[in-house]
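So the structure is just underneath, and the comments pick up after that.
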Amino acid sequence: MSGFDYDLFVIGGGSGGVRAGRVAAETGAKVALAEEFRMGGTCVIRGCVPKKLMVFASKFGPAVEDARRFGWEMEDGRFDWDRFRPMLDKELSRLEGIYRTNLGRPGTDIYDARAVVKDAHTVALSTGEEFTAKHILVATGGRPFVPDIPGAELGITSNEIFNLARLPKKVLIVGGGYIACEFACILNGLGVEVTQWHRGPQVLRGFDDEVRGHISELMVAQGIDLRVGVSPRAVEKTSEGLRVTGTEEHEVTVDEVLWATGRVPNSAGLGLEALGVELSANGAVVVDDYSQTAVPSIFAVGDVTDRINLTPVAIREGAAFVETVFKGNPVKPDHELVASAVFTQPEYGTVGMTEEQAHREVGNVDVYTASFRPMQKSFIDRQEKALFKLIVARESQKVLGCHIVADGAGEMIQLAAVAIKMGATKSDFDAAVAVHPTMAEEIVLMKSPTRRLEPIG
Ligand code: NDP
C-alpha cells in the first residue's frame, strides 16, 4: 500500500457507497466506510424498500372490494399499523445486516460514525479518530427539503413516516413529485383520508403530460383530495389537530402533514468547499463524467451529485468509479435511457423521452397510445383505465420512449427498457407476437399512430 491508512475511504453507507466499497475491496484494496445512521442508506432504511412494502400492504384494502365483486364473500378489513410496523422494522434490520455483512469482508472496516473530510487525503470521524486514504468517495445521498414557512416543524418528512407511533386518520401531503404521489396512494389505500396540495398545475412535473393527467384522474377517482395550484402558508397546532392554511384560501385540519417537497444533496458540513470541491447552488457535489471532483483524490457518487437520483444509478456510478480508479479501466456511468417507476396505484413505468421532449428535440414524431379498461377491471365494472404509450421517431422508426400506467408497469418497463436500450424500432416491437391475455400485449399491438407530430415552428 501507499503510505495511507486506506486505499479508499467511503463516506456514506447507502447504495452507491456500499457498492463502491465492496467492489473496490474485491480488487484487494484496503477499504473503510463511515456511516452516521444505519447501513443501507435512504433506499433500504427510509425509501424504496419500506415504501414498496407499504405499497404491498396498501393494496389489500381496495382488493377486498374487488374480491367481493369477483364472487368472494369478504368482510371489510382494517389495517393494523401496530402489527405491520414491527414487521417492517424487523425486515429493515435484516437488510441492514446483509449490507453490513456484504461490505464487512476481510480488508474492509466499517465505522458507525459521522465523517468529515479534513484534507484531500484525510477523513476525521465523530469518534475523534482520523484516517488517511489515497482516495475518498463521498456518497452521502440526499435529505428531504422542507419549505420555510411558520409551523413547518410540526410536519414530518419521508424520513419519519415509517416510524410513526400511529397511523393518522387524516393527512395533508404537500408536493406533487414521486414521494407525494406514491404516499398519497399508499396512505389512501391504508384507509387514511388524504388531501394533497401541489403548487403547480399538474402533478409529476417532468413526466409525460398525458400520463400526468391520466394519473391525477386515477388518484382523484380513488378518493384522494388532490388540489393543484395550492401552496401552504402556515401550519399551527389546534385542539383538533394541525391546521394548515394555504394560498387561494385553502385550509385543512389534519393529524399529520407530510412534506414531500423534494430532496437536496446531503453535502453540508462535510468540509468539502474549504478544500476546493465545487458545490452547485443546491449543494450538489460537482463531478466530471468519471465522478471525480475538482480535488483529484476526492470522488462522489449518488444523490449527493444530483445527477439521476435513483438507487440503481448510484450503484452504477459506484461500480464505474471502481472500474476507473481501481481497475485502470476508465468507465463513465451511463445516464442514457434510465427506466424508472413511480409507485402510484396503478404504477407508472417510464423509459426514454416524453411526447413533449421528443416533439421539441426530434420534431417528426409518431405517438402510439392505447387506453383501455384491463380485463380484470372491466369484469368487475371498475372504471380504472390502463395507458400504454410509445413515442417513435418517424424517420428512423426508432422507439424513443415508452410509458405505461397499469398494475405491474414497473415490472413491464424494465423489459421494454432492454429493447429500447438496444435501439429497437417500432417494427421490432410489432414483430414480437403478443402474450395473450395480458395487459403488456398492448405494447406490440398498437398498429397506427394516434398523433403524427410535425416539428415545432
Ligand atoms: P420531486 O422532485 O420528485 O418532487 C418534489 C415536489 O415538491 C414537486 O412537486 C415540487 O413542485 C414540490 N415542491 C418543491 N418545493 C416546494 C415548495 N417550496 N413548496 C411547495 N412544493 C414544493 O421530489 P421527491 O422528494 O418526491 O423525490 C426526490 C427524488 O427521489 C425523485 O426525484 C427521485 O429521483 C427519487 N425518488 C424515486 C422514487 C422511485 O424511483 N419510485 C420514489 C421516490 C423518490 P414543482 O413540481 O412545482 O417543482
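Ordering of the C-alpha cells sets the chain letters (A, B, ...), residue numbers begin anew at 1 in every chain, and ligands are numbered from 1 in the order given.
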For this session: Determine, counting only C-alpha atoms, which protein, DNA and RNA residues have an atom within 7 Å of an atom of range 225-232 of chain A; residues of the same chain fewer than 5 positions away are not included. Present the result as a list in words.
Result: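 These residues fall inside the cut-off: Val194, Thr195, Gln196, Trp197, His198, Arg199, Gly200, Pro201, Gln202, Val220, Val244, Thr245, Gly246, Thr247 and Glu248 of chain A.
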For this session: Enumerate as a ChimeraX atom specification the residues within 9 Å of ligand 1, counting only C-alpha atoms and all ligand atoms.
Result: /A:47-48,51-52,142-149,158,174-182,197-206,230-232,259-264,303,306-311,340-344
Exercise. If we count only C-alpha atoms, what is near Tyr111 in chain A at a cut-off of 7 Å, once residues fewer than 3 positions away on the same chain are taken out, given as a list in words?
Worked result: Leu33, Ala34 and Glu35 of chain A
For this session: Name the residues of range 35-82 of chain A that come out as helix (DSSP H, G or I) in a backbone DSSP run; write them as a ChimeraX atom specification.
Result: /A:41-46,48-69,81-82
Selected residues written out with N, CA, C and O atoms, as a short mmCIF file (atom, residue, chain, number, x, y, z; two decimals), in the first residue's frame:
data_model
loop_
_atom_site.label_atom_id
_atom_site.label_comp_id
_atom_site.auth_asym_id
_atom_site.auth_seq_id
_atom_site.Cartn_x
_atom_site.Cartn_y
_atom_site.Cartn_z
N GLY A 41 -28.62 3.07 3.82
CA GLY A 41 -28.96 4.39 3.27
C GLY A 41 -30.45 4.59 3.05
O GLY A 41 -31.28 3.82 3.53
N THR A 42 -30.75 5.64 2.29
CA THR A 42 -32.16 6.01 2.09
C THR A 42 -32.95 4.87 1.48
O THR A 42 -34.05 4.55 1.93
N CYS A 43 -32.41 4.22 0.46
CA CYS A 43 -33.16 3.19 -0.25
C CYS A 43 -33.65 2.10 0.70
O CYS A 43 -34.83 1.75 0.70
N VAL A 44 -32.76 1.59 1.52
CA VAL A 44 -33.10 0.44 2.35
C VAL A 44 -33.81 0.86 3.63
O VAL A 44 -34.77 0.22 4.07
N ILE A 45 -33.37 1.96 4.23
CA ILE A 45 -33.85 2.29 5.56
C ILE A 45 -35.07 3.20 5.55
O ILE A 45 -35.99 3.07 6.34
N ARG A 46 -35.09 4.20 4.63
CA ARG A 46 -36.24 5.10 4.65
C ARG A 46 -36.64 5.58 3.26
O ARG A 46 -36.91 6.75 3.05
N CYS A 48 -37.00 3.44 -0.84
CA CYS A 48 -37.58 2.45 -1.77
C CYS A 48 -38.13 1.20 -1.09
O CYS A 48 -39.24 0.76 -1.39
N VAL A 49 -37.33 0.60 -0.20
CA VAL A 49 -37.71 -0.72 0.34
C VAL A 49 -38.93 -0.61 1.28
O VAL A 49 -39.96 -1.25 1.02
N PRO A 50 -38.86 0.21 2.35
CA PRO A 50 -40.06 0.29 3.20
C PRO A 50 -41.26 0.85 2.43
O PRO A 50 -42.40 0.43 2.68
N LYS A 51 -40.99 1.77 1.50
CA LYS A 51 -42.09 2.31 0.68
C LYS A 51 -42.79 1.19 -0.08
O LYS A 51 -44.01 1.06 -0.07
N LYS A 52 -41.99 0.33 -0.74
CA LYS A 52 -42.59 -0.73 -1.56
C LYS A 52 -43.36 -1.71 -0.66
O LYS A 52 -44.43 -2.19 -1.04
N LEU A 53 -42.84 -1.98 0.54
CA LEU A 53 -43.57 -2.88 1.44
C LEU A 53 -44.90 -2.25 1.85
O LEU A 53 -45.92 -2.93 1.98
N MET A 54 -44.90 -0.92 2.00
CA MET A 54 -46.16 -0.24 2.31
C MET A 54 -47.10 -0.23 1.10
O MET A 54 -48.32 -0.27 1.25
N VAL A 55 -46.53 -0.17 -0.10
CA VAL A 55 -47.36 -0.28 -1.31
C VAL A 55 -48.08 -1.62 -1.29
O VAL A 55 -49.30 -1.70 -1.49
N PHE A 56 -47.32 -2.70 -1.02
CA PHE A 56 -47.95 -4.03 -0.97
C PHE A 56 -49.09 -4.03 0.05
O PHE A 56 -50.20 -4.48 -0.23
N ALA A 57 -48.78 -3.50 1.26
CA ALA A 57 -49.79 -3.52 2.34
C ALA A 57 -51.03 -2.75 1.92
O ALA A 57 -52.16 -3.18 2.18
N SER A 58 -50.83 -1.64 1.24
CA SER A 58 -51.96 -0.75 0.94
C SER A 58 -52.88 -1.29 -0.14
O SER A 58 -53.99 -0.83 -0.30
N LYS A 59 -52.41 -2.28 -0.88
CA LYS A 59 -53.24 -2.79 -1.98
C LYS A 59 -54.34 -3.75 -1.51
O LYS A 59 -55.27 -4.02 -2.25
N PHE A 60 -54.19 -4.26 -0.28
CA PHE A 60 -55.18 -5.24 0.18
C PHE A 60 -56.53 -4.59 0.49
O PHE A 60 -57.57 -5.24 0.35
N GLY A 61 -56.52 -3.31 0.90
CA GLY A 61 -57.79 -2.64 1.21
C GLY A 61 -58.73 -2.65 0.01
O GLY A 61 -59.79 -3.30 0.02
N PRO A 62 -58.33 -1.98 -1.09
CA PRO A 62 -59.18 -1.98 -2.29
C PRO A 62 -59.41 -3.39 -2.85
O PRO A 62 -60.45 -3.66 -3.44
N ALA A 63 -58.46 -4.30 -2.62
CA ALA A 63 -58.59 -5.65 -3.17
C ALA A 63 -59.75 -6.41 -2.54
O ALA A 63 -60.32 -7.31 -3.16
N VAL A 64 -60.11 -6.04 -1.30
CA VAL A 64 -61.24 -6.72 -0.64
C VAL A 64 -62.52 -6.49 -1.45
O VAL A 64 -63.27 -7.42 -1.74
N GLU A 65 -62.73 -5.24 -1.83
CA GLU A 65 -63.93 -4.92 -2.62
C GLU A 65 -63.87 -5.61 -3.99
O GLU A 65 -64.87 -6.15 -4.47
N ASP A 66 -62.69 -5.61 -4.60
CA ASP A 66 -62.53 -6.31 -5.88
C ASP A 66 -62.88 -7.78 -5.73
O ASP A 66 -63.57 -8.37 -6.57
N ALA A 67 -62.38 -8.39 -4.65
CA ALA A 67 -62.62 -9.82 -4.42
C ALA A 67 -64.12 -10.08 -4.31
O ALA A 67 -64.65 -11.04 -4.87
N ARG A 68 -64.80 -9.17 -3.57
CA ARG A 68 -66.27 -9.32 -3.43
C ARG A 68 -66.93 -9.32 -4.80
O ARG A 68 -67.78 -10.13 -5.10
N ARG A 69 -66.46 -8.40 -5.64
CA ARG A 69 -67.07 -8.30 -6.97
C ARG A 69 -66.76 -9.53 -7.82
O ARG A 69 -67.47 -9.84 -8.75
N TRP A 81 -51.62 -0.87 11.85
CA TRP A 81 -50.25 -0.32 11.78
C TRP A 81 -49.37 -0.94 12.86
O TRP A 81 -48.19 -1.21 12.65
N ASP A 82 -49.98 -1.20 14.05
CA ASP A 82 -49.20 -1.76 15.15
C ASP A 82 -48.69 -3.17 14.86
O ASP A 82 -47.71 -3.61 15.44
#
For this session: Take CA of Thr108 in chain A and CA of Gly21 in chain A and report the distance between them in Å, one decimal.
Result: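 It comes out at 8.1 Å.
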For this session: Could you check which of A:Leu218, A:Val252, A:Leu167, A:Val301 is closest to Gly16 in chain A, using only C-alpha atoms?
Result: A:Val301
Exercise. Running DSSP on the backbone, which parts of range 79-293 of chain A land in strand (DSSP E or B), as a ChimeraX atom specification?
Worked result: /A:108-111,115-119,122-125,130-138,142-144,156,170-174,193-198,225-228,232-238,241-246,251-254,256-259,263-265,279,285,292
For this session: Name the residues in contact with Lys332 in chain A at a cut-off of 8 Å, using only C-alpha atoms, excluding same-chain residues fewer than 3 positions from it; report them as JSON, numbers by chain.
Result: {"A": [289, 290, 317, 320]}
Can I get the selected residues back with all heavy atoms, as a JSON list (two decimals), in the first residue's frame?
[["chain", "number", "residue", "atom", "x", "y", "z"],
["A", 289, "ASP", "N", -17.36, 13.38, -15.74],
["A", 289, "ASP", "CA", -18.00, 12.16, -16.24],
["A", 289, "ASP", "C", -17.56, 10.91, -15.48],
["A", 289, "ASP", "O", -18.19, 9.85, -15.57],
["A", 289, "ASP", "CB", -17.66, 11.95, -17.72],
["A", 289, "ASP", "CG", -18.41, 12.92, -18.60],
["A", 289, "ASP", "OD1", -19.32, 13.60, -18.09],
["A", 289, "ASP", "OD2", -18.07, 13.01, -19.80],
["A", 290, "TYR", "N", -16.41, 11.00, -14.78],
["A", 290, "TYR", "CA", -15.90, 9.84, -14.05],
["A", 290, "TYR", "C", -16.15, 9.97, -12.54],
["A", 290, "TYR", "O", -15.49, 9.32, -11.73],
["A", 290, "TYR", "CB", -14.40, 9.66, -14.34],
["A", 290, "TYR", "CG", -14.15, 9.37, -15.81],
["A", 290, "TYR", "CD1", -13.85, 10.41, -16.69],
["A", 290, "TYR", "CD2", -14.27, 8.08, -16.30],
["A", 290, "TYR", "CE1", -13.66, 10.16, -18.05],
["A", 290, "TYR", "CE2", -14.08, 7.83, -17.66],
["A", 290, "TYR", "CZ", -13.78, 8.87, -18.52],
["A", 290, "TYR", "OH", -13.61, 8.62, -19.85],
["A", 317, "GLU", "N", -22.90, 4.18, -10.73],
["A", 317, "GLU", "CA", -21.86, 5.21, -10.58],
["A", 317, "GLU", "C", -20.74, 4.70, -9.67],
["A", 317, "GLU", "O", -19.56, 4.92, -9.94],
["A", 317, "GLU", "CB", -22.47, 6.51, -10.02],
["A", 317, "GLU", "CG", -23.35, 7.23, -11.03],
["A", 317, "GLU", "CD", -24.19, 8.37, -10.45],
["A", 317, "GLU", "OE1", -24.13, 8.60, -9.21],
["A", 317, "GLU", "OE2", -24.92, 9.02, -11.22],
["A", 320, "ALA", "N", -18.73, 2.13, -11.62],
["A", 320, "ALA", "CA", -17.91, 2.78, -12.65],
["A", 320, "ALA", "C", -16.69, 3.47, -12.02],
["A", 320, "ALA", "O", -15.58, 3.45, -12.57],
["A", 320, "ALA", "CB", -18.74, 3.81, -13.44]]
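Those residues that approach Gly128 in chain A to within 12 Å, counting only C-alpha atoms, are A:Tyr111, A:Ala113, A:Arg114, A:Ala115, A:Val116; same-chain residues fewer than 6 positions away are not listed.
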For this session: Compile the contact shell of Thr354 in chain A as a list of chain:residue names: residues with an atom at most 10 Å away, counting only C-alpha atoms, same-chain residues fewer than 4 positions apart removed.
Result: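 In the requested form, the answer reads A:Gly206, A:Phe207, A:Asp208, A:Asp209, A:Glu210, A:Val211, A:Thr350, A:Ala358, A:His359, A:Arg360, A:Lys389, A:Leu390, A:Ile391, A:Leu400, A:Gly401, A:Cys402, A:His403.
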Residues from the last selection, all heavy atoms, saved as a compact mmCIF listing (two decimals), in the first residue's frame:
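The resulting result-v1.txt:
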# COMPACT_ATOMS: atom_id res chain seq x y z
N GLY A 206 -42.25 17.11 -15.28
CA GLY A 206 -41.09 16.49 -15.94
C GLY A 206 -41.46 15.17 -16.62
O GLY A 206 -40.75 14.71 -17.50
N PHE A 207 -42.58 14.57 -16.21
CA PHE A 207 -43.01 13.33 -16.86
C PHE A 207 -43.94 13.68 -18.03
O PHE A 207 -44.29 14.84 -18.24
CB PHE A 207 -43.74 12.43 -15.84
CG PHE A 207 -42.82 11.85 -14.80
CD1 PHE A 207 -42.66 12.46 -13.56
CD2 PHE A 207 -42.10 10.70 -15.05
CE1 PHE A 207 -41.80 11.94 -12.61
CE2 PHE A 207 -41.24 10.15 -14.10
CZ PHE A 207 -41.09 10.78 -12.88
N ASP A 208 -44.31 12.66 -18.79
CA ASP A 208 -45.16 12.84 -19.96
C ASP A 208 -46.51 13.48 -19.56
O ASP A 208 -47.17 12.99 -18.64
CB ASP A 208 -45.39 11.46 -20.60
CG ASP A 208 -46.15 11.56 -21.90
OD1 ASP A 208 -47.40 11.58 -21.85
OD2 ASP A 208 -45.49 11.62 -22.95
N ASP A 209 -46.88 14.55 -20.27
CA ASP A 209 -48.07 15.32 -19.88
C ASP A 209 -49.35 14.49 -19.88
O ASP A 209 -50.18 14.60 -18.97
CB ASP A 209 -48.27 16.51 -20.84
CG ASP A 209 -47.39 17.69 -20.44
OD1 ASP A 209 -46.77 17.62 -19.35
OD2 ASP A 209 -47.30 18.66 -21.22
N GLU A 210 -49.51 13.66 -20.91
CA GLU A 210 -50.74 12.86 -20.99
C GLU A 210 -50.81 11.89 -19.80
O GLU A 210 -51.87 11.70 -19.19
CB GLU A 210 -50.73 12.07 -22.31
CG GLU A 210 -52.01 11.31 -22.56
CD GLU A 210 -51.98 10.58 -23.91
OE1 GLU A 210 -50.88 10.41 -24.48
OE2 GLU A 210 -53.06 10.19 -24.37
N VAL A 211 -49.66 11.33 -19.46
CA VAL A 211 -49.60 10.40 -18.33
C VAL A 211 -49.91 11.14 -17.03
O VAL A 211 -50.64 10.63 -16.17
CB VAL A 211 -48.21 9.73 -18.25
CG1 VAL A 211 -48.07 8.94 -16.96
CG2 VAL A 211 -47.99 8.83 -19.45
N THR A 350 -41.69 4.17 -16.89
CA THR A 350 -41.29 5.06 -17.97
C THR A 350 -39.83 4.87 -18.35
O THR A 350 -38.98 4.64 -17.48
CB THR A 350 -41.55 6.54 -17.58
OG1 THR A 350 -40.98 7.40 -18.57
CG2 THR A 350 -40.95 6.90 -16.23
N ALA A 358 -39.75 14.68 -27.10
CA ALA A 358 -39.50 14.18 -28.45
C ALA A 358 -39.95 15.20 -29.49
O ALA A 358 -39.26 15.45 -30.49
CB ALA A 358 -40.21 12.85 -28.65
N HIS A 359 -41.09 15.81 -29.24
CA HIS A 359 -41.60 16.83 -30.17
C HIS A 359 -40.62 17.99 -30.29
O HIS A 359 -40.28 18.45 -31.37
CB HIS A 359 -42.96 17.31 -29.67
CG HIS A 359 -43.73 18.06 -30.69
ND1 HIS A 359 -44.81 18.86 -30.39
CD2 HIS A 359 -43.57 18.17 -32.04
CE1 HIS A 359 -45.28 19.41 -31.49
NE2 HIS A 359 -44.54 19.01 -32.50
N ARG A 360 -40.11 18.42 -29.13
CA ARG A 360 -39.16 19.54 -29.09
C ARG A 360 -37.84 19.17 -29.74
O ARG A 360 -37.29 19.91 -30.56
CB ARG A 360 -38.87 19.87 -27.62
CG ARG A 360 -39.29 21.23 -27.18
CD ARG A 360 -38.94 21.55 -25.73
NE ARG A 360 -38.30 20.54 -24.91
CZ ARG A 360 -38.93 19.86 -23.96
NH1 ARG A 360 -40.20 20.04 -23.72
NH2 ARG A 360 -38.26 18.97 -23.23
N LYS A 389 -48.14 3.75 -24.08
CA LYS A 389 -47.77 4.83 -24.99
C LYS A 389 -46.36 4.59 -25.52
O LYS A 389 -45.43 4.35 -24.74
CB LYS A 389 -47.85 6.14 -24.18
CG LYS A 389 -47.62 7.39 -24.96
CD LYS A 389 -48.14 8.59 -24.19
CE LYS A 389 -47.85 9.84 -24.98
NZ LYS A 389 -48.35 11.05 -24.35
N LEU A 390 -46.22 4.66 -26.84
CA LEU A 390 -44.89 4.58 -27.46
C LEU A 390 -44.64 5.85 -28.25
O LEU A 390 -45.52 6.31 -29.00
CB LEU A 390 -44.81 3.39 -28.42
CG LEU A 390 -44.65 1.99 -27.86
CD1 LEU A 390 -44.57 0.97 -28.99
CD2 LEU A 390 -43.41 1.88 -26.97
N ILE A 391 -43.45 6.41 -28.10
CA ILE A 391 -43.06 7.61 -28.83
C ILE A 391 -42.03 7.15 -29.87
O ILE A 391 -41.00 6.58 -29.51
CB ILE A 391 -42.38 8.65 -27.90
CG1 ILE A 391 -43.12 8.77 -26.55
CG2 ILE A 391 -42.20 9.98 -28.58
CD1 ILE A 391 -44.45 9.41 -26.59
N LEU A 400 -38.42 6.00 -29.12
CA LEU A 400 -37.69 6.97 -28.29
C LEU A 400 -38.13 6.92 -26.83
O LEU A 400 -37.37 7.31 -25.94
CB LEU A 400 -37.94 8.39 -28.81
CG LEU A 400 -37.59 8.67 -30.27
CD1 LEU A 400 -38.07 10.05 -30.67
CD2 LEU A 400 -36.08 8.55 -30.46
N GLY A 401 -39.37 6.49 -26.63
CA GLY A 401 -39.87 6.47 -25.25
C GLY A 401 -41.03 5.52 -25.10
O GLY A 401 -41.74 5.23 -26.07
N CYS A 402 -41.18 5.01 -23.89
CA CYS A 402 -42.30 4.11 -23.60
C CYS A 402 -42.85 4.48 -22.22
O CYS A 402 -42.08 4.71 -21.28
CB CYS A 402 -41.79 2.66 -23.60
SG CYS A 402 -43.06 1.45 -23.19
N HIS A 403 -44.16 4.59 -22.16
CA HIS A 403 -44.82 4.98 -20.91
C HIS A 403 -45.98 4.04 -20.65
O HIS A 403 -46.81 3.83 -21.54
CB HIS A 403 -45.34 6.42 -21.01
CG HIS A 403 -44.26 7.38 -21.41
ND1 HIS A 403 -43.48 8.04 -20.50
CD2 HIS A 403 -43.80 7.75 -22.63
CE1 HIS A 403 -42.58 8.78 -21.14
NE2 HIS A 403 -42.76 8.62 -22.43
For this session: Work out how far apart CA of Gly107 in chain A and CA of Val304 in chain A are and give it in Å to one decimal.
Result: 26.2 Å
Can you list every residue of range 191-284 of chain A that has an atom at most 12 Å from range 130-140 of chain A, with its nearest atom pair and the distance in Å to one decimal, using only C-alpha atoms, ordered by chain then number, as JSON lines?
{"residue": "A:Val264", "atom": "CA", "partner": "A:Thr140", "partner_atom": "CA", "distance": 11.1}
{"residue": "A:Pro265", "atom": "CA", "partner": "A:Thr140", "partner_atom": "CA", "distance": 7.9}
{"residue": "A:Asn266", "atom": "CA", "partner": "A:Thr140", "partner_atom": "CA", "distance": 5.8}
{"residue": "A:Ser267", "atom": "CA", "partner": "A:Thr140", "partner_atom": "CA", "distance": 7.0}
{"residue": "A:Ala268", "atom": "CA", "partner": "A:Thr140", "partner_atom": "CA", "distance": 10.0}
{"residue": "A:Gly269", "atom": "CA", "partner": "A:Thr140", "partner_atom": "CA", "distance": 11.3}
{"residue": "A:Leu270", "atom": "CA", "partner": "A:Val138", "partner_atom": "CA", "distance": 9.2}
{"residue": "A:Gly271", "atom": "CA", "partner": "A:Val138", "partner_atom": "CA", "distance": 11.2}
{"residue": "A:Leu272", "atom": "CA", "partner": "A:Val138", "partner_atom": "CA", "distance": 9.5}
{"residue": "A:Val277", "atom": "CA", "partner": "A:Val138", "partner_atom": "CA", "distance": 11.0}
{"residue": "A:Gly283", "atom": "CA", "partner": "A:Thr140", "partner_atom": "CA", "distance": 11.9}
{"residue": "A:Ala284", "atom": "CA", "partner": "A:Thr140", "partner_atom": "CA", "distance": 10.6}
Writer output for current selection, C-alpha atoms, as a PDB file, in the first residue's frame:
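Generated file (result_11.pdb):
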ATOM      1  CA  VAL A 264     -31.478  18.176  -1.600  1.00  0.00           C
ATOM      2  CA  PRO A 265     -27.924  16.819  -1.753  1.00  0.00           C
ATOM      3  CA  ASN A 266     -26.507  15.984   1.650  1.00  0.00           C
ATOM      4  CA  SER A 267     -23.219  17.860   1.334  1.00  0.00           C
ATOM      5  CA  ALA A 268     -23.357  20.469   4.095  1.00  0.00           C
ATOM      6  CA  GLY A 269     -20.770  20.367   6.861  1.00  0.00           C
ATOM      7  CA  LEU A 270     -18.548  17.768   5.206  1.00  0.00           C
ATOM      8  CA  GLY A 271     -15.699  20.238   4.820  1.00  0.00           C
ATOM      9  CA  LEU A 272     -15.737  19.933   1.049  1.00  0.00           C
ATOM     10  CA  VAL A 277     -14.502  20.802  -4.045  1.00  0.00           C
ATOM     11  CA  GLY A 283     -25.329  21.864  -2.707  1.00  0.00           C
ATOM     12  CA  ALA A 284     -24.688  19.090  -5.239  1.00  0.00           C
TER      13      ALA A 284
END
Exercise. Any idea what the distance is between CA of Glu356 in chain A and CA of Gly410 in chain A?
Worked result: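 The value is 21.8 Å.
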Exercise. Of the residues A:Asn163, A:Gln222, A:Ser2, A:Ile156, which is the one nearest to Gln383 in chain A, using only C-alpha atoms?
Worked result: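 Using only C-alpha atoms, Gln383 in chain A sits closest to A:Gln222.
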Problem set entry | Residue contacts of Ala165 in chain A (12 Å, only C-alpha atoms) excluding same-chain residues fewer than 5 positions away, as a list in words | Asp80, Trp81, Asp82, Arg83, Phe84, Arg85, Pro86, Glu160 and Glu256 of chain A
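Taking only C-alpha atoms into account, Asp109 in chain A lies nearest to A:Tyr6 out of the set A:Tyr6, A:Glu441, A:Gly213, A:Thr27.
Distances from A:Asp366, A:Glu278, A:Glu336, A:Glu96 to Met422 in chain A were compared using only C-alpha atoms, and the smallest one belongs to A:Glu336.
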